[in-house]
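Only one structure is covered here, and it is reproduced in the block below.
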Amino acid sequence: MIPLTIRGVEKTFVLHVQGGARLPVLQGVSLAVGERECVVLADPSGSGKSTLLRSVYGNYKPQAGEILVRHAGEVVDMVSASPRVVLDVRRRTVGYVSQFLRVIPRVPVVDVVSEPLRAQGMDREEARRRARAMLDRLRIPERLWPLSPVTFSGGEQQRVNIARVFVAQYPVLLLDEPTAALDAEARMVVLELIEEARTQGAAVLATVHDPLSRARIATRTSTLEEMAA
Amino acid sequence: MSTSSLDRPLLSVRGLSKRFGAQVGCLDVGFDLWPGEVLGVVGESGSGKTTVLACLAGSVEPTAGTAKFRTRDDTVVDVLRLAEPARRRLLRTDWGIVHQNPRDGLRMSVTAGANVGERLMAVGVRHYGRIRQTALDWLTTVEIDTDRVDDLPANLSGGMQQRLQIARNLVTSPRLVLMDEPTGGLDVSVQARLLDLLRGLVAELGLSAIVVTHDLAVVRLLAHRLLVMRRGEVVESGLTDQVLDDPQHAYTQLLVSSVLHP
């Protein structure tokens, strides 16, 4: 069993408040991502890449198909799994870097980043130590660590988002434009982190527009169109 | 983990219904609540969400249904059919109830410290020094200056009163907390602080909680799972972020799309 297998996923949005309009986004998408593989989705904007990533994370609910994740020695179908199981998969197996950071006001960056480790049962001090090391690596200045990221710039927020996923070393990574808002230096660090995670065994599914970044991390590129064929 | 109590629901509600004459309060509501889990119940005024909470808390008598609760000694009781003394004992020890208006959950005639200490005495703690110290510890936990310990609740701000109510409830280490619009009536900045506090406490103490609110931002931050209610019935349920980001039912879509995002 490989870390991630997507089979025949269909997702249509039905907008009841807008006269029942139907937006078909994913039609029979199938894809497998193995260990030490980084598959980059190369479709243009608006074609459903984020919808696929969100479906794998259990954030969107496909109408048909299976999304099989290898989790704690078993196979979980994220399409049909109960909320408790989805949360456990998110805690231990699947990390997701979204394009937006959503945090509680007031919680300092160092705690935002150490939270996934705490959820995995790590003690507070060790989790904070690793969070600080990750923040340092991503060039978030130390003076920002005690602050809430709510007021940070877009690039800083994105790095916090990346830090909190990469600190936890998930076996499956979903990355939605992880380098989009970053300057060249930060981008290099993120690409290194992705490479490292992958060579250590992670299965990575990503969307990356920037061709140079894509070339650097992808072991394979694919499109939703190909996958539906 | 397979044999531990974590693998069994703490509370299982089935077929919970309440009619007020011809009027439906709630109809055939069912859910499981697991240890350490926070369940959000959302819907507009009149959706029945508060009726569900009131039935569980015993302030309203349901027309039908069961609510099976696993007690500390691992026996299962139907809380809707408990005799009054047993119900009161349960509410005092294993359950906490946080009311929207702190005045409904606090004793306004005694000090902040006594409000916390009183619950301890109710479960049999007698040593005065220990009660006072525990009260002070809890005031610190909920971020109330310990020099306010002898103040009456009326002299505390609304946000502090709400935090005091939480301390009063949590001091006896309940396993289930029912909250009715816990951030309602508070300023936005005070709400954020309270949410942060609640989230931390729930995670640290491994509490289970049912949070009834009309505020979707509150459940996004607090609740693992959601029930969406309309006209007394559950129309949609699921993982919180999935229900909010990909709502399936027309009513949920309307609720979500009606929220203003600043």
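Every chain in the structure tokens takes a letter, A first, then B, and so on in the order presented; its residues are numbered from 1, and the ligands are numbered from 1 following the presented order.
The list of residues with at least one atom within 10 Å of Leu33 of chain B, based on only C-alpha atoms and without residues fewer than 2 positions apart in the same chain, reads Arg8, Pro9, Leu10, Leu11, Ser12, Val13, Phe31, Pro35, Gly36, Glu37, Val38, Leu39, Phe69, Leu176, Ser208, Ala209, Ile210 and Arg225 of chain B.
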Running DSSP on the backbone, which parts of segment 131-189 of chain A land in alpha helix (DSSP H), as a short mmCIF file (atom, residue, chain, number, x, y, z; two decimals) with all heavy atoms, in the first residue's frame?
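Written output follows (result26.cif):
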data_model
loop_
_atom_site.label_atom_id
_atom_site.label_comp_id
_atom_site.auth_asym_id
_atom_site.auth_seq_id
_atom_site.Cartn_x
_atom_site.Cartn_y
_atom_site.Cartn_z
N ALA A 131 9.90 24.04 17.34
CA ALA A 131 9.21 25.13 16.65
C ALA A 131 10.18 26.29 16.43
O ALA A 131 10.23 26.87 15.34
CB ALA A 131 8.00 25.58 17.47
N ARG A 132 10.96 26.62 17.46
CA ARG A 132 11.90 27.73 17.34
C ARG A 132 12.94 27.44 16.25
O ARG A 132 13.29 28.30 15.45
CB ARG A 132 12.61 27.99 18.68
CG ARG A 132 11.71 28.68 19.68
CD ARG A 132 12.51 29.12 20.91
NE ARG A 132 11.68 29.00 22.10
CZ ARG A 132 11.79 28.03 23.00
NH1 ARG A 132 12.71 27.12 22.90
NH2 ARG A 132 10.97 27.99 24.03
N ALA A 133 13.42 26.19 16.24
CA ALA A 133 14.42 25.82 15.23
C ALA A 133 13.84 25.98 13.82
O ALA A 133 14.50 26.47 12.91
CB ALA A 133 14.89 24.38 15.47
N MET A 134 12.57 25.58 13.66
CA MET A 134 11.93 25.67 12.34
C MET A 134 11.71 27.13 11.95
O MET A 134 11.95 27.53 10.82
CB MET A 134 10.62 24.89 12.36
CG MET A 134 9.91 24.77 11.03
SD MET A 134 10.90 24.09 9.68
CE MET A 134 10.88 22.33 10.07
N LEU A 135 11.28 27.95 12.92
CA LEU A 135 11.07 29.38 12.65
C LEU A 135 12.38 30.04 12.25
O LEU A 135 12.43 30.86 11.34
CB LEU A 135 10.47 30.07 13.87
CG LEU A 135 9.00 29.73 14.15
CD1 LEU A 135 8.60 30.16 15.56
CD2 LEU A 135 8.10 30.40 13.12
N ASP A 136 13.43 29.64 12.93
CA ASP A 136 14.74 30.18 12.66
C ASP A 136 15.17 29.81 11.24
O ASP A 136 15.65 30.63 10.48
CB ASP A 136 15.72 29.62 13.70
CG ASP A 136 17.04 30.35 13.67
OD1 ASP A 136 17.01 31.59 13.55
OD2 ASP A 136 18.09 29.69 13.75
N ARG A 137 14.94 28.56 10.91
CA ARG A 137 15.33 28.09 9.58
C ARG A 137 14.56 28.84 8.50
O ARG A 137 15.09 29.12 7.43
CB ARG A 137 15.04 26.60 9.50
CG ARG A 137 15.62 26.02 8.25
CD ARG A 137 15.74 24.52 8.29
NE ARG A 137 16.18 24.10 6.97
CZ ARG A 137 16.09 22.86 6.52
NH1 ARG A 137 15.62 21.91 7.30
NH2 ARG A 137 16.49 22.58 5.30
N GLY A 154 1.94 38.98 4.42
CA GLY A 154 1.54 37.76 3.72
C GLY A 154 2.65 36.72 3.68
O GLY A 154 2.43 35.54 3.94
N GLY A 155 3.86 37.17 3.38
CA GLY A 155 4.99 36.25 3.28
C GLY A 155 5.33 35.63 4.63
O GLY A 155 5.66 34.44 4.71
N GLU A 156 5.25 36.43 5.68
CA GLU A 156 5.53 35.90 7.02
C GLU A 156 4.47 34.88 7.44
O GLU A 156 4.79 33.82 7.98
CB GLU A 156 5.59 37.05 8.05
CG GLU A 156 6.87 37.87 7.96
CD GLU A 156 6.76 39.23 8.64
OE1 GLU A 156 5.64 39.65 9.01
OE2 GLU A 156 7.78 39.87 8.80
N GLN A 157 3.21 35.21 7.14
CA GLN A 157 2.14 34.26 7.48
C GLN A 157 2.32 32.95 6.74
O GLN A 157 2.11 31.88 7.29
CB GLN A 157 0.77 34.86 7.14
CG GLN A 157 0.37 35.99 8.08
CD GLN A 157 -1.11 36.31 8.01
OE1 GLN A 157 -1.84 35.76 7.21
NE2 GLN A 157 -1.54 37.20 8.88
N GLN A 158 2.73 33.06 5.48
CA GLN A 158 2.89 31.82 4.72
C GLN A 158 4.03 30.98 5.31
O GLN A 158 3.93 29.75 5.38
CB GLN A 158 3.17 32.13 3.26
CG GLN A 158 3.06 30.86 2.41
CD GLN A 158 3.16 31.12 0.93
OE1 GLN A 158 3.66 32.16 0.52
NE2 GLN A 158 2.68 30.20 0.14
N ARG A 159 5.08 31.65 5.76
CA ARG A 159 6.19 30.89 6.36
C ARG A 159 5.77 30.24 7.67
O ARG A 159 6.21 29.14 7.99
CB ARG A 159 7.41 31.79 6.55
CG ARG A 159 8.21 31.92 5.25
CD ARG A 159 9.39 32.82 5.41
NE ARG A 159 8.98 34.23 5.39
CZ ARG A 159 9.71 35.22 5.88
NH1 ARG A 159 10.87 34.96 6.45
NH2 ARG A 159 9.27 36.45 5.81
N VAL A 160 4.89 30.91 8.43
CA VAL A 160 4.36 30.31 9.66
C VAL A 160 3.56 29.06 9.31
O VAL A 160 3.67 28.00 9.93
CB VAL A 160 3.49 31.32 10.44
CG1 VAL A 160 2.78 30.63 11.61
CG2 VAL A 160 4.33 32.48 10.94
N ASN A 161 2.74 29.18 8.27
CA ASN A 161 1.94 28.07 7.78
C ASN A 161 2.82 26.88 7.42
O ASN A 161 2.52 25.73 7.74
CB ASN A 161 1.22 28.54 6.51
CG ASN A 161 -0.25 28.32 6.57
OD1 ASN A 161 -0.75 27.66 7.49
ND2 ASN A 161 -0.98 28.85 5.62
N ILE A 162 3.92 27.19 6.72
CA ILE A 162 4.85 26.14 6.29
C ILE A 162 5.55 25.54 7.51
O ILE A 162 5.68 24.32 7.63
CB ILE A 162 5.85 26.73 5.28
CG1 ILE A 162 5.11 26.98 3.96
CG2 ILE A 162 7.05 25.81 5.09
CD1 ILE A 162 5.84 27.91 3.03
N ALA A 163 5.96 26.41 8.44
CA ALA A 163 6.67 25.94 9.63
C ALA A 163 5.81 24.94 10.40
O ALA A 163 6.27 23.89 10.83
CB ALA A 163 7.05 27.12 10.53
N ARG A 164 4.51 25.26 10.55
CA ARG A 164 3.70 24.41 11.41
C ARG A 164 3.39 23.06 10.75
O ARG A 164 3.08 22.11 11.45
CB ARG A 164 2.45 25.15 11.91
CG ARG A 164 1.30 25.26 11.01
CD ARG A 164 0.17 26.06 11.66
NE ARG A 164 -1.00 25.24 11.81
CZ ARG A 164 -1.56 24.91 12.94
NH1 ARG A 164 -1.10 25.37 14.07
NH2 ARG A 164 -2.59 24.13 12.97
N VAL A 165 3.52 22.98 9.45
CA VAL A 165 3.33 21.69 8.80
C VAL A 165 4.65 20.89 8.77
O VAL A 165 4.68 19.72 9.12
CB VAL A 165 2.76 21.87 7.38
CG1 VAL A 165 2.80 20.55 6.61
CG2 VAL A 165 1.33 22.38 7.47
N PHE A 166 5.76 21.57 8.42
CA PHE A 166 7.00 20.83 8.27
C PHE A 166 7.62 20.42 9.60
O PHE A 166 8.37 19.46 9.67
CB PHE A 166 7.99 21.61 7.41
CG PHE A 166 7.70 21.44 5.94
CD1 PHE A 166 6.80 22.27 5.30
CD2 PHE A 166 8.28 20.40 5.23
CE1 PHE A 166 6.49 22.09 3.96
CE2 PHE A 166 7.98 20.21 3.89
CZ PHE A 166 7.09 21.05 3.25
N ALA A 184 12.99 35.39 -2.74
CA ALA A 184 13.86 34.33 -3.28
C ALA A 184 14.52 33.52 -2.17
O ALA A 184 14.60 32.29 -2.25
CB ALA A 184 14.90 34.96 -4.19
N GLU A 185 14.97 34.21 -1.14
CA GLU A 185 15.71 33.52 -0.08
C GLU A 185 14.81 32.55 0.67
O GLU A 185 15.16 31.38 0.88
CB GLU A 185 16.28 34.57 0.88
CG GLU A 185 17.31 34.02 1.82
CD GLU A 185 17.62 35.00 2.95
OE1 GLU A 185 16.96 36.06 3.03
OE2 GLU A 185 18.49 34.69 3.76
N ALA A 186 13.63 33.02 1.04
CA ALA A 186 12.68 32.16 1.77
C ALA A 186 12.23 31.00 0.88
O ALA A 186 12.05 29.86 1.34
CB ALA A 186 11.47 32.96 2.24
N ARG A 187 12.07 31.31 -0.41
CA ARG A 187 11.63 30.26 -1.34
C ARG A 187 12.64 29.11 -1.36
O ARG A 187 12.27 27.95 -1.33
CB ARG A 187 11.45 30.85 -2.74
CG ARG A 187 10.95 29.81 -3.74
CD ARG A 187 10.74 30.39 -5.13
NE ARG A 187 9.82 31.52 -5.08
CZ ARG A 187 9.97 32.65 -5.74
NH1 ARG A 187 11.02 32.82 -6.53
NH2 ARG A 187 9.09 33.62 -5.63
N MET A 188 13.94 29.47 -1.39
CA MET A 188 14.97 28.44 -1.40
C MET A 188 14.86 27.54 -0.17
O MET A 188 14.98 26.31 -0.26
CB MET A 188 16.37 29.08 -1.44
CG MET A 188 16.79 29.63 -2.80
SD MET A 188 16.45 28.52 -4.16
CE MET A 188 17.62 27.21 -3.77
N VAL A 189 14.63 28.14 0.97
CA VAL A 189 14.52 27.35 2.21
C VAL A 189 13.34 26.39 2.12
O VAL A 189 13.46 25.21 2.47
CB VAL A 189 14.35 28.27 3.44
CG1 VAL A 189 14.15 27.43 4.70
CG2 VAL A 189 15.53 29.21 3.59
#
Report task. Tell me which protein, DNA and RNA residues are within 6 Å of segment 108-121 of chain A, counting only C-alpha atoms, leaving out same-chain ones fewer than 3 positions away, and put them as a list in words. Result -> Ala127, Arg128, Ala131, Trp145, Pro146, Leu147, Ser148, Pro149, Arg164 and Ala168 of chain A
**Report entry** DSSP-assigned strand (DSSP E or B) among segment 64-182 of chain A, expressed as a list in words
**Finding:**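 Matching residues, listed in order: Ala64, Gly65, Glu66, Ile67, Leu68, Val69, Arg70, His71, Glu74, Val75, Val76, Asp77, Val94, Gly95, Tyr96, Val97, Val172, Leu173, Leu174, Leu175 and Asp176 of chain A.
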Can you write out the residues you just picked, keeping N, CA and C atoms, as a PDB file, in the first residue's frame?
ATOM      1  N   ALA A  64     -18.188  11.199  -5.304  1.00  0.00           N
ATOM      2  CA  ALA A  64     -17.868   9.816  -5.663  1.00  0.00           C
ATOM      3  C   ALA A  64     -16.365   9.624  -5.653  1.00  0.00           C
ATOM      4  N   GLY A  65     -15.949   8.367  -5.608  1.00  0.00           N
ATOM      5  CA  GLY A  65     -14.536   8.027  -5.646  1.00  0.00           C
ATOM      6  C   GLY A  65     -13.982   7.716  -4.271  1.00  0.00           C
ATOM      7  N   GLU A  66     -12.693   7.368  -4.262  1.00  0.00           N
ATOM      8  CA  GLU A  66     -12.005   7.012  -3.015  1.00  0.00           C
ATOM      9  C   GLU A  66     -10.716   7.810  -2.912  1.00  0.00           C
ATOM     10  N   ILE A  67     -10.366   8.187  -1.698  1.00  0.00           N
ATOM     11  CA  ILE A  67      -9.052   8.794  -1.455  1.00  0.00           C
ATOM     12  C   ILE A  67      -8.433   7.994  -0.323  1.00  0.00           C
ATOM     13  N   LEU A  68      -7.542   7.069  -0.698  1.00  0.00           N
ATOM     14  CA  LEU A  68      -7.022   6.121   0.284  1.00  0.00           C
ATOM     15  C   LEU A  68      -5.682   6.611   0.832  1.00  0.00           C
ATOM     16  N   VAL A  69      -5.634   6.770   2.136  1.00  0.00           N
ATOM     17  CA  VAL A  69      -4.427   7.226   2.801  1.00  0.00           C
ATOM     18  C   VAL A  69      -3.924   6.115   3.722  1.00  0.00           C
ATOM     19  N   ARG A  70      -2.627   5.849   3.648  1.00  0.00           N
ATOM     20  CA  ARG A  70      -2.041   4.867   4.565  1.00  0.00           C
ATOM     21  C   ARG A  70      -1.825   5.553   5.913  1.00  0.00           C
ATOM     22  N   HIS A  71      -2.553   5.070   6.911  1.00  0.00           N
ATOM     23  CA  HIS A  71      -2.559   5.771   8.196  1.00  0.00           C
ATOM     24  C   HIS A  71      -2.417   4.762   9.336  1.00  0.00           C
ATOM     25  N   GLU A  74      -2.956   1.190   8.641  1.00  0.00           N
ATOM     26  CA  GLU A  74      -4.222   0.813   8.018  1.00  0.00           C
ATOM     27  C   GLU A  74      -4.499   1.724   6.826  1.00  0.00           C
ATOM     28  N   VAL A  75      -5.594   1.444   6.125  1.00  0.00           N
ATOM     29  CA  VAL A  75      -5.962   2.292   4.989  1.00  0.00           C
ATOM     30  C   VAL A  75      -7.248   3.022   5.335  1.00  0.00           C
ATOM     31  N   VAL A  76      -7.221   4.341   5.193  1.00  0.00           N
ATOM     32  CA  VAL A  76      -8.404   5.144   5.489  1.00  0.00           C
ATOM     33  C   VAL A  76      -8.889   5.802   4.198  1.00  0.00           C
ATOM     34  N   ASP A  77     -10.177   5.710   3.927  1.00  0.00           N
ATOM     35  CA  ASP A  77     -10.762   6.422   2.793  1.00  0.00           C
ATOM     36  C   ASP A  77     -11.280   7.775   3.289  1.00  0.00           C
ATOM     37  N   VAL A  94      -1.347  13.308   7.569  1.00  0.00           N
ATOM     38  CA  VAL A  94      -1.421  14.237   6.439  1.00  0.00           C
ATOM     39  C   VAL A  94      -1.258  15.684   6.902  1.00  0.00           C
ATOM     40  N   GLY A  95      -0.268  16.380   6.330  1.00  0.00           N
ATOM     41  CA  GLY A  95      -0.098  17.803   6.590  1.00  0.00           C
ATOM     42  C   GLY A  95      -0.509  18.604   5.364  1.00  0.00           C
ATOM     43  N   TYR A  96      -1.093  19.762   5.585  1.00  0.00           N
ATOM     44  CA  TYR A  96      -1.633  20.551   4.479  1.00  0.00           C
ATOM     45  C   TYR A  96      -1.220  22.010   4.636  1.00  0.00           C
ATOM     46  N   VAL A  97      -0.468  22.497   3.659  1.00  0.00           N
ATOM     47  CA  VAL A  97      -0.124  23.917   3.644  1.00  0.00           C
ATOM     48  C   VAL A  97      -1.128  24.611   2.727  1.00  0.00           C
ATOM     49  N   VAL A 172       2.535  12.247   4.595  1.00  0.00           N
ATOM     50  CA  VAL A 172       1.885  12.722   3.371  1.00  0.00           C
ATOM     51  C   VAL A 172       1.750  14.239   3.466  1.00  0.00           C
ATOM     52  N   LEU A 173       2.218  14.945   2.425  1.00  0.00           N
ATOM     53  CA  LEU A 173       2.164  16.404   2.445  1.00  0.00           C
ATOM     54  C   LEU A 173       1.353  16.927   1.264  1.00  0.00           C
ATOM     55  N   LEU A 174       0.426  17.837   1.552  1.00  0.00           N
ATOM     56  CA  LEU A 174      -0.358  18.512   0.524  1.00  0.00           C
ATOM     57  C   LEU A 174       0.059  19.974   0.552  1.00  0.00           C
ATOM     58  N   LEU A 175       0.591  20.465  -0.547  1.00  0.00           N
ATOM     59  CA  LEU A 175       1.137  21.823  -0.546  1.00  0.00           C
ATOM     60  C   LEU A 175       0.456  22.644  -1.631  1.00  0.00           C
ATOM     61  N   ASP A 176      -0.280  23.664  -1.221  1.00  0.00           N
ATOM     62  CA  ASP A 176      -1.004  24.501  -2.176  1.00  0.00           C
ATOM     63  C   ASP A 176      -0.245  25.807  -2.365  1.00  0.00           C
TER      64      ASP A 176
END
Query raised in the report: Could you list, as a PyMOL selection string, every residue of chain B that has an atom within 12 Å of an atom of chain A, counting only C-alpha atoms?
Result: chain B and resi 6-9+32-39+188-200+203-204+206+217-226+237-258
